[in-house]
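As stored in final-v9.pdb (PDB, C-alpha atoms and all ligand atoms):
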ATOM      1  CA  MET A 107     133.451 101.467 122.556  1.00  0.00           C
ATOM      2  CA  THR A 108     134.854 101.744 126.056  1.00  0.00           C
ATOM      3  CA  GLY A 109     133.334 100.465 129.238  1.00  0.00           C
ATOM      4  CA  VAL A 110     130.515  98.625 127.519  1.00  0.00           C
ATOM      5  CA  LYS A 111     131.147  94.909 127.545  1.00  0.00           C
ATOM      6  CA  MET A 112     128.933  93.278 124.981  1.00  0.00           C
ATOM      7  CA  VAL A 113     127.651  89.751 125.074  1.00  0.00           C
ATOM      8  CA  PHE A 114     128.665  89.093 121.446  1.00  0.00           C
ATOM      9  CA  ALA A 115     130.791  90.947 118.897  1.00  0.00           C
ATOM     10  CA  HIS A 116     129.163  94.134 117.661  1.00  0.00           C
ATOM     11  CA  ASP A 117     128.321  92.820 114.189  1.00  0.00           C
ATOM     12  CA  THR A 118     126.791  89.695 115.716  1.00  0.00           C
ATOM     13  CA  GLU A 119     124.541  91.753 117.990  1.00  0.00           C
ATOM     14  CA  VAL A 120     123.468  93.974 115.101  1.00  0.00           C
ATOM     15  CA  ALA A 121     122.684  90.912 112.980  1.00  0.00           C
ATOM     16  CA  LEU A 122     120.725  89.182 115.760  1.00  0.00           C
ATOM     17  CA  THR A 123     118.674  92.308 116.370  1.00  0.00           C
ATOM     18  CA  ALA A 124     117.943  92.634 112.657  1.00  0.00           C
ATOM     19  CA  ALA A 125     117.027  88.940 112.364  1.00  0.00           C
ATOM     20  CA  ALA A 126     114.574  89.201 115.267  1.00  0.00           C
ATOM     21  CA  ALA A 127     113.086  92.375 113.780  1.00  0.00           C
ATOM     22  CA  LEU A 128     112.682  90.627 110.430  1.00  0.00           C
ATOM     23  CA  VAL A 129     110.948  87.627 112.017  1.00  0.00           C
ATOM     24  CA  ASN A 130     108.683  89.994 113.950  1.00  0.00           C
ATOM     25  CA  THR A 131     107.532  91.761 110.784  1.00  0.00           C
ATOM     26  CA  ALA A 132     105.340  88.658 110.472  1.00  0.00           C
ATOM     27  CA  GLY A 133     104.236  89.251 114.016  1.00  0.00           C
ATOM     28  CA  SER A 134     101.232  89.026 116.271  1.00  0.00           C
ATOM     29  CA  ASP A 135      99.926  92.323 114.903  1.00  0.00           C
ATOM     30  CA  GLY A 136      99.837  91.210 111.275  1.00  0.00           C
ATOM     31  CA  GLU A 137     101.982  91.755 108.176  1.00  0.00           C
ATOM     32  CA  ASN A 138     104.519  94.522 108.635  1.00  0.00           C
ATOM     33  CA  LEU A 139     106.198  93.994 105.273  1.00  0.00           C
ATOM     34  CA  PRO A 140     103.077  94.433 103.143  1.00  0.00           C
ATOM     35  CA  ASP A 141     104.759  96.095 100.180  1.00  0.00           C
ATOM     36  CA  ILE A 142     108.007  97.312  98.653  1.00  0.00           C
ATOM     37  CA  PRO A 143     108.051 100.679 100.509  1.00  0.00           C
ATOM     38  CA  ALA A 144     107.771  98.749 103.793  1.00  0.00           C
ATOM     39  CA  LEU A 145     110.789  96.651 102.804  1.00  0.00           C
ATOM     40  CA  ASP A 146     112.651  99.831 101.817  1.00  0.00           C
ATOM     41  CA  ALA A 147     111.960 101.258 105.266  1.00  0.00           C
ATOM     42  CA  PHE A 148     113.129  98.052 106.939  1.00  0.00           C
ATOM     43  CA  PHE A 149     116.275  98.067 104.769  1.00  0.00           C
ATOM     44  CA  ARG A 150     117.130 101.586 105.907  1.00  0.00           C
ATOM     45  CA  ALA A 151     116.134 101.097 109.542  1.00  0.00           C
ATOM     46  CA  TYR A 152     118.500  98.161 109.975  1.00  0.00           C
ATOM     47  CA  GLY A 153     121.408  99.710 108.101  1.00  0.00           C
ATOM     48  CA  TRP A 154     121.423  97.335 105.140  1.00  0.00           C
ATOM     49  CA  THR A 155     123.723  98.224 102.267  1.00  0.00           C
ATOM     50  CA  GLY A 156     124.396  96.581  98.901  1.00  0.00           C
ATOM     51  CA  ARG A 157     121.991  95.207  96.344  1.00  0.00           C
ATOM     52  CA  HIS A 158     118.354  96.184  96.774  1.00  0.00           C
ATOM     53  CA  ASP A 159     116.070  95.413  93.827  1.00  0.00           C
ATOM     54  CA  HIS A 160     112.850  97.046  95.076  1.00  0.00           C
ATOM     55  CA  SER A 161     111.010  94.198  93.338  1.00  0.00           C
ATOM     56  CA  GLN A 162     108.098  91.941  94.244  1.00  0.00           C
ATOM     57  CA  ALA A 163     110.398  88.932  93.865  1.00  0.00           C
ATOM     58  CA  GLU A 164     112.809  90.395  96.404  1.00  0.00           C
ATOM     59  CA  LEU A 165     109.968  91.179  98.799  1.00  0.00           C
ATOM     60  CA  ARG A 166     108.623  87.631  98.433  1.00  0.00           C
ATOM     61  CA  SER A 167     111.978  85.980  99.134  1.00  0.00           C
ATOM     62  CA  VAL A 168     112.583  88.175 102.178  1.00  0.00           C
ATOM     63  CA  ARG A 169     109.134  87.274 103.522  1.00  0.00           C
ATOM     64  CA  GLU A 170     109.785  83.587 102.874  1.00  0.00           C
ATOM     65  CA  LEU A 171     112.941  83.730 104.954  1.00  0.00           C
ATOM     66  CA  ARG A 172     111.001  84.701 108.091  1.00  0.00           C
ATOM     67  CA  PRO A 173     109.377  81.374 109.046  1.00  0.00           C
ATOM     68  CA  ARG A 174     112.723  79.670 108.536  1.00  0.00           C
ATOM     69  CA  LEU A 175     114.490  82.075 110.860  1.00  0.00           C
ATOM     70  CA  ARG A 176     111.651  81.884 113.373  1.00  0.00           C
ATOM     71  CA  ARG A 177     112.184  78.155 113.725  1.00  0.00           C
ATOM     72  CA  ILE A 178     115.607  78.919 115.219  1.00  0.00           C
ATOM     73  CA  TRP A 179     113.791  80.330 118.272  1.00  0.00           C
ATOM     74  CA  HIS A 180     111.854  77.105 118.716  1.00  0.00           C
ATOM     75  CA  GLU A 181     114.413  74.390 117.995  1.00  0.00           C
ATOM     76  CA  ASP A 182     116.879  72.725 120.326  1.00  0.00           C
ATOM     77  CA  GLU A 183     120.608  73.049 119.696  1.00  0.00           C
ATOM     78  CA  ASP A 184     120.808  70.258 117.108  1.00  0.00           C
ATOM     79  CA  GLY A 185     117.804  71.695 115.290  1.00  0.00           C
ATOM     80  CA  VAL A 186     119.326  75.179 115.228  1.00  0.00           C
ATOM     81  CA  VAL A 187     122.596  73.800 113.877  1.00  0.00           C
ATOM     82  CA  GLU A 188     120.740  72.043 111.074  1.00  0.00           C
ATOM     83  CA  ILE A 189     118.929  75.232 110.037  1.00  0.00           C
ATOM     84  CA  VAL A 190     122.042  77.407 110.292  1.00  0.00           C
ATOM     85  CA  ASN A 191     124.239  74.987 108.339  1.00  0.00           C
ATOM     86  CA  GLY A 192     121.500  74.685 105.720  1.00  0.00           C
ATOM     87  CA  LEU A 193     121.293  78.463 105.266  1.00  0.00           C
ATOM     88  CA  LEU A 194     125.077  78.765 104.941  1.00  0.00           C
ATOM     89  CA  ARG A 195     125.336  75.850 102.523  1.00  0.00           C
ATOM     90  CA  GLU A 196     122.525  76.978 100.225  1.00  0.00           C
ATOM     91  CA  SER A 197     123.977  80.472 100.006  1.00  0.00           C
ATOM     92  CA  ASN A 198     127.543  79.264  99.340  1.00  0.00           C
ATOM     93  CA  ALA A 199     128.653  81.413 102.251  1.00  0.00           C
ATOM     94  CA  LEU A 200     132.320  82.384 102.193  1.00  0.00           C
ATOM     95  CA  PRO A 201     133.400  84.328 105.291  1.00  0.00           C
ATOM     96  CA  GLN A 202     135.646  87.302 104.533  1.00  0.00           C
ATOM     97  CA  LEU A 203     136.781  90.113 106.826  1.00  0.00           C
ATOM     98  CA  THR A 204     135.800  93.376 105.217  1.00  0.00           C
ATOM     99  CA  THR A 205     135.468  97.076 105.934  1.00  0.00           C
ATOM    100  CA  HIS A 206     133.298  99.808 104.417  1.00  0.00           C
ATOM    101  CA  ASN A 207     131.714 103.098 105.492  1.00  0.00           C
ATOM    102  CA  ASP A 208     134.518 103.601 108.054  1.00  0.00           C
ATOM    103  CA  GLU A 209     133.339 100.560 110.001  1.00  0.00           C
ATOM    104  CA  PRO A 210     135.875  98.356 111.777  1.00  0.00           C
ATOM    105  CA  TYR A 211     136.679  95.031 110.118  1.00  0.00           C
ATOM    106  CA  HIS A 212     133.811  92.624 110.368  1.00  0.00           C
ATOM    107  CA  LEU A 213     132.665  89.447 108.655  1.00  0.00           C
ATOM    108  CA  HIS A 214     130.685  89.277 105.469  1.00  0.00           C
ATOM    109  CA  ALA A 215     130.017  85.866 104.003  1.00  0.00           C
ATOM    110  CA  THR A 216     128.260  86.932 100.805  1.00  0.00           C
ATOM    111  CA  SER A 217     129.076  89.507  98.169  1.00  0.00           C
ATOM    112  CA  PRO A 218     127.212  92.841  98.220  1.00  0.00           C
ATOM    113  CA  ASP A 219     125.547  91.948  94.903  1.00  0.00           C
ATOM    114  CA  ALA A 220     123.979  88.740  96.191  1.00  0.00           C
ATOM    115  CA  PRO A 221     120.165  88.958  96.507  1.00  0.00           C
ATOM    116  CA  LEU A 222     118.965  90.747  99.635  1.00  0.00           C
ATOM    117  CA  ALA A 223     117.226  87.670 101.082  1.00  0.00           C
ATOM    118  CA  THR A 224     120.417  85.642 100.635  1.00  0.00           C
ATOM    119  CA  ARG A 225     122.462  88.268 102.440  1.00  0.00           C
ATOM    120  CA  MET A 226     119.870  88.497 105.209  1.00  0.00           C
ATOM    121  CA  ALA A 227     119.896  84.713 105.565  1.00  0.00           C
ATOM    122  CA  VAL A 228     123.677  84.473 105.704  1.00  0.00           C
ATOM    123  CA  GLU A 229     124.161  87.420 108.031  1.00  0.00           C
ATOM    124  CA  ALA A 230     121.622  85.929 110.428  1.00  0.00           C
ATOM    125  CA  ALA A 231     123.154  82.458 110.096  1.00  0.00           C
ATOM    126  CA  MET A 232     126.652  83.770 110.835  1.00  0.00           C
ATOM    127  CA  ALA A 233     125.323  85.473 113.970  1.00  0.00           C
ATOM    128  CA  PHE A 234     123.601  82.280 115.110  1.00  0.00           C
ATOM    129  CA  VAL A 235     126.913  80.482 114.613  1.00  0.00           C
ATOM    130  CA  ASP A 236     128.300  82.735 117.348  1.00  0.00           C
ATOM    131  CA  VAL A 237     125.290  82.099 119.589  1.00  0.00           C
ATOM    132  CA  VAL A 238     125.662  78.326 119.258  1.00  0.00           C
ATOM    133  CA  ARG A 239     129.448  78.410 119.733  1.00  0.00           C
ATOM    134  CA  SER A 240     129.055  80.530 122.872  1.00  0.00           C
ATOM    135  CA  ARG A 241     126.327  78.201 124.154  1.00  0.00           C
ATOM    136  CA  GLU A 242     123.981  81.138 124.486  1.00  0.00           C
ATOM    137  CA  LEU A 243     120.836  79.798 122.810  1.00  0.00           C
ATOM    138  CA  SER A 244     118.914  80.549 126.005  1.00  0.00           C
ATOM    139  CA  ARG A 245     119.130  84.208 124.979  1.00  0.00           C
ATOM    140  CA  LEU A 246     116.660  83.474 122.173  1.00  0.00           C
ATOM    141  CA  ARG A 247     113.195  83.684 123.692  1.00  0.00           C
ATOM    142  CA  ILE A 248     109.569  84.340 122.889  1.00  0.00           C
ATOM    143  CA  CYS A 249     108.029  87.556 124.245  1.00  0.00           C
ATOM    144  CA  GLU A 250     106.340  86.917 127.588  1.00  0.00           C
ATOM    145  CA  TYR A 251     103.563  89.460 127.107  1.00  0.00           C
ATOM    146  CA  PRO A 252     100.214  87.633 127.003  1.00  0.00           C
ATOM    147  CA  GLY A 253      99.117  87.031 123.432  1.00  0.00           C
ATOM    148  CA  CYS A 254     102.415  88.171 121.886  1.00  0.00           C
ATOM    149  CA  SER A 255     104.468  85.558 120.076  1.00  0.00           C
ATOM    150  CA  ASN A 256     107.226  87.855 118.841  1.00  0.00           C
ATOM    151  CA  VAL A 257     110.803  86.654 119.140  1.00  0.00           C
ATOM    152  CA  VAL A 258     113.268  88.245 121.542  1.00  0.00           C
ATOM    153  CA  VAL A 259     117.067  88.331 121.573  1.00  0.00           C
ATOM    154  CA  ASP A 260     118.277  88.995 125.078  1.00  0.00           C
ATOM    155  CA  LEU A 261     121.554  90.912 124.782  1.00  0.00           C
ATOM    156  CA  SER A 262     121.427  92.199 128.353  1.00  0.00           C
ATOM    157  CA  LYS A 263     124.247  91.427 130.746  1.00  0.00           C
ATOM    158  CA  ASN A 264     121.927  90.034 133.399  1.00  0.00           C
ATOM    159  CA  ARG A 265     119.684  88.099 130.978  1.00  0.00           C
ATOM    160  CA  SER A 266     116.676  90.145 132.009  1.00  0.00           C
ATOM    161  CA  LYS A 267     114.984  90.917 128.705  1.00  0.00           C
ATOM    162  CA  ARG A 268     111.509  89.361 128.685  1.00  0.00           C
ATOM    163  CA  PHE A 269     109.555  91.388 126.162  1.00  0.00           C
ATOM    164  CA  CYS A 270     109.874  92.096 122.438  1.00  0.00           C
ATOM    165  CA  ASP A 271     110.737  95.490 120.977  1.00  0.00           C
ATOM    166  CA  ALA A 272     107.218  96.063 119.611  1.00  0.00           C
ATOM    167  CA  GLY A 273     106.044  97.878 122.733  1.00  0.00           C
ATOM    168  CA  CYS A 274     105.344  94.917 125.028  1.00  0.00           C
ATOM    169  CA  GLY A 275     107.871  96.142 127.610  1.00  0.00           C
ATOM    170  CA  ASN A 276     105.938  99.414 127.921  1.00  0.00           C
ATOM    171  CA  ARG A 277     102.600  97.610 127.952  1.00  0.00           C
ATOM    172  CA  ALA A 278     103.837  95.317 130.735  1.00  0.00           C
ATOM    173  CA  ALA A 279     105.123  98.314 132.740  1.00  0.00           C
ATOM    174  CA  VAL A 280     101.745 100.064 132.418  1.00  0.00           C
ATOM    175  CA  THR A 281      99.911  96.914 133.496  1.00  0.00           C
ATOM    176  CA  ALA A 282     102.190  96.526 136.517  1.00  0.00           C
ATOM    177  CA  TYR A 283     101.781 100.216 137.404  1.00  0.00           C
ATOM    178  CA  ARG A 284      97.981  99.950 137.262  1.00  0.00           C
ATOM    179  CA  ALA A 285      98.075  96.822 139.399  1.00  0.00           C
ATOM    180  CA  ARG A 286     100.210  98.607 142.003  1.00  0.00           C
ATOM    181  CA  LYS A 287      97.851 101.591 142.018  1.00  0.00           C
ATOM    182  CA  ALA A 288      94.817  99.346 142.362  1.00  0.00           C
ATOM    183  CA  ALA A 289      96.521  97.497 145.223  1.00  0.00           C
ATOM    184  CA  ALA A 290      97.384 100.807 146.942  1.00  0.00           C
ATOM    185  CA  ARG A 291      93.726 101.898 146.875  1.00  0.00           C
ATOM    186  CA  THR A 292      92.477  98.863 148.767  1.00  0.00           C
TER
HETATM  187 ZN    ZN B 301     129.418  95.320 106.520  1.00  0.00          ZN
HETATM  188 ZN    ZN B 302     105.810  91.220 122.551  1.00  0.00          ZN
END

Before anything else, please render the file you have as C-alpha cells.
Amino acid sequence: MTGVKMVFAHDTEVALTAAAALVNTAGSDGENLPDIPALDAFFRAYGWTGRHDHSQAELRSVRELRPRLRRIWHEDEDGVVEIVNGLLRESNALPQLTTHNDEPYHLHATSPDAPLATRMAVEAAMAFVDVVRSRELSRLRICEYPGCSNVVVDLSKNRSKRFCDAGCGNRAAVTAYRARKAAART
C-alpha cells in the first residue's frame, strides 16, 4: 500500500475492526448472532480462516467472548492490560510470523485448528497489545449517536470517527441535514 499511512499495522487494524464488529453483534439493536448461519456469515465477512465447527458450542463460546471484549472499551489502561494478558494467558498464545493466501507476513498467536472463539480472543488481544503499546486507547470509543452503545475503533488520521459502523454516521448526517433545512426555513 503506497501513500496510505495507517495508524497501526494492517493486521492490527483488521483485527480491531473485527473485534468491534463482534462486540457490536450484541448491540443496541438486539442479537445479531442468533444462530449458526449468522456466525457463518460473520466468519466470511471478516475474512476468518481455519477451524470452523458450525456447532452450537462454537456459537456459544463466540457469544460469550463479546462481553469480555466489550469491557476493554470501558476500562482504564491497567484494566485493559489485565483483560488482554488474561486472554493471552488462557489461550496459551504463542506469537509466530506466518503467511498464507498470498498475504504478507503477519502475526498469528494460535494454531489454525484452535477453537474459533480462542482464535478470535487471541487475535483481538494481540491487536489491543499494539493499542496499549502505542498509547492509543483513546481511539476506543462508544458511538455518540443518542441511544446507541455500540463500540467504535477510530482508525482515522485525525481522530474524527464518532459513530459506529451500524449506520449511525448516516443517521447523524440525516439529522444534521434536517436541522440545517429547518433552520434555513425560519
Ligand atoms: Zn493470517
Ligand atoms: Zn452507533

Check your understanding: If you count only C-alpha atoms and all ligand atoms, which residues end up within 7 Å of ligand ZN 302 (chain B), as a PyMOL selection string?
Key -> chain A and resi 249-251+254-256+269-274

Practice item. Please give me, as a PyMOL selection string, the residues lying within 12 Å of ligand ZN 301 (chain B) when counting all atoms listed in the file. Key: chain A and resi 116-118+120-121+152-156+201-218+225-226+229

Selection to disk with C-alpha atoms, as a PDB file, in the frame of the given file:
ATOM      1  CA  HIS A 116     129.163  94.134 117.661  1.00  0.00           C
ATOM      2  CA  ASP A 117     128.321  92.820 114.189  1.00  0.00           C
ATOM      3  CA  THR A 118     126.791  89.695 115.716  1.00  0.00           C
ATOM      4  CA  VAL A 120     123.468  93.974 115.101  1.00  0.00           C
ATOM      5  CA  ALA A 121     122.684  90.912 112.980  1.00  0.00           C
ATOM      6  CA  TYR A 152     118.500  98.161 109.975  1.00  0.00           C
ATOM      7  CA  GLY A 153     121.408  99.710 108.101  1.00  0.00           C
ATOM      8  CA  TRP A 154     121.423  97.335 105.140  1.00  0.00           C
ATOM      9  CA  THR A 155     123.723  98.224 102.267  1.00  0.00           C
ATOM     10  CA  GLY A 156     124.396  96.581  98.901  1.00  0.00           C
ATOM     11  CA  PRO A 201     133.400  84.328 105.291  1.00  0.00           C
ATOM     12  CA  GLN A 202     135.646  87.302 104.533  1.00  0.00           C
ATOM     13  CA  LEU A 203     136.781  90.113 106.826  1.00  0.00           C
ATOM     14  CA  THR A 204     135.800  93.376 105.217  1.00  0.00           C
ATOM     15  CA  THR A 205     135.468  97.076 105.934  1.00  0.00           C
ATOM     16  CA  HIS A 206     133.298  99.808 104.417  1.00  0.00           C
ATOM     17  CA  ASN A 207     131.714 103.098 105.492  1.00  0.00           C
ATOM     18  CA  ASP A 208     134.518 103.601 108.054  1.00  0.00           C
ATOM     19  CA  GLU A 209     133.339 100.560 110.001  1.00  0.00           C
ATOM     20  CA  PRO A 210     135.875  98.356 111.777  1.00  0.00           C
ATOM     21  CA  TYR A 211     136.679  95.031 110.118  1.00  0.00           C
ATOM     22  CA  HIS A 212     133.811  92.624 110.368  1.00  0.00           C
ATOM     23  CA  LEU A 213     132.665  89.447 108.655  1.00  0.00           C
ATOM     24  CA  HIS A 214     130.685  89.277 105.469  1.00  0.00           C
ATOM     25  CA  ALA A 215     130.017  85.866 104.003  1.00  0.00           C
ATOM     26  CA  THR A 216     128.260  86.932 100.805  1.00  0.00           C
ATOM     27  CA  SER A 217     129.076  89.507  98.169  1.00  0.00           C
ATOM     28  CA  PRO A 218     127.212  92.841  98.220  1.00  0.00           C
ATOM     29  CA  ARG A 225     122.462  88.268 102.440  1.00  0.00           C
ATOM     30  CA  MET A 226     119.870  88.497 105.209  1.00  0.00           C
ATOM     31  CA  GLU A 229     124.161  87.420 108.031  1.00  0.00           C
TER      32      GLU A 229
END

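Atom pair atom CA of Arg268 of chain A / atom CA of Asp146 of chain A: separated by 28.9 Å.
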
At most 12 Å is the cut-off: for each residue in segment 176-231 of chain A with any atom that close to an atom of segment 128-136 of chain A, write down the nearest atom pair and the distance in Å rounded to one decimal, counting all atoms listed in the file, chain first then increasing number, as a Markdown table.
| residue | atom | partner | partner_atom | distance |
| --- | --- | --- | --- | --- |
| A:Arg176 | CA | A:Val129 | CA | 5.9 |
| A:Arg177 | CA | A:Val129 | CA | 9.7 |
| A:Ile178 | CA | A:Val129 | CA | 10.4 |
| A:Trp179 | CA | A:Val129 | CA | 10.0 |
| A:Ala223 | CA | A:Leu128 | CA | 10.8 |
| A:Met226 | CA | A:Leu128 | CA | 9.1 |
| A:Ala227 | CA | A:Leu128 | CA | 10.5 |
| A:Ala230 | CA | A:Leu128 | CA | 10.1 |

Exercise for review: Tell me which residues the PyMOL selection byres (((chain A and resi 191) around 12) and not hetatm) grabs here, as number ranges by chain.
Suggested key: A: 178, 184-190, 192-199, 227-228, 230-235, 238
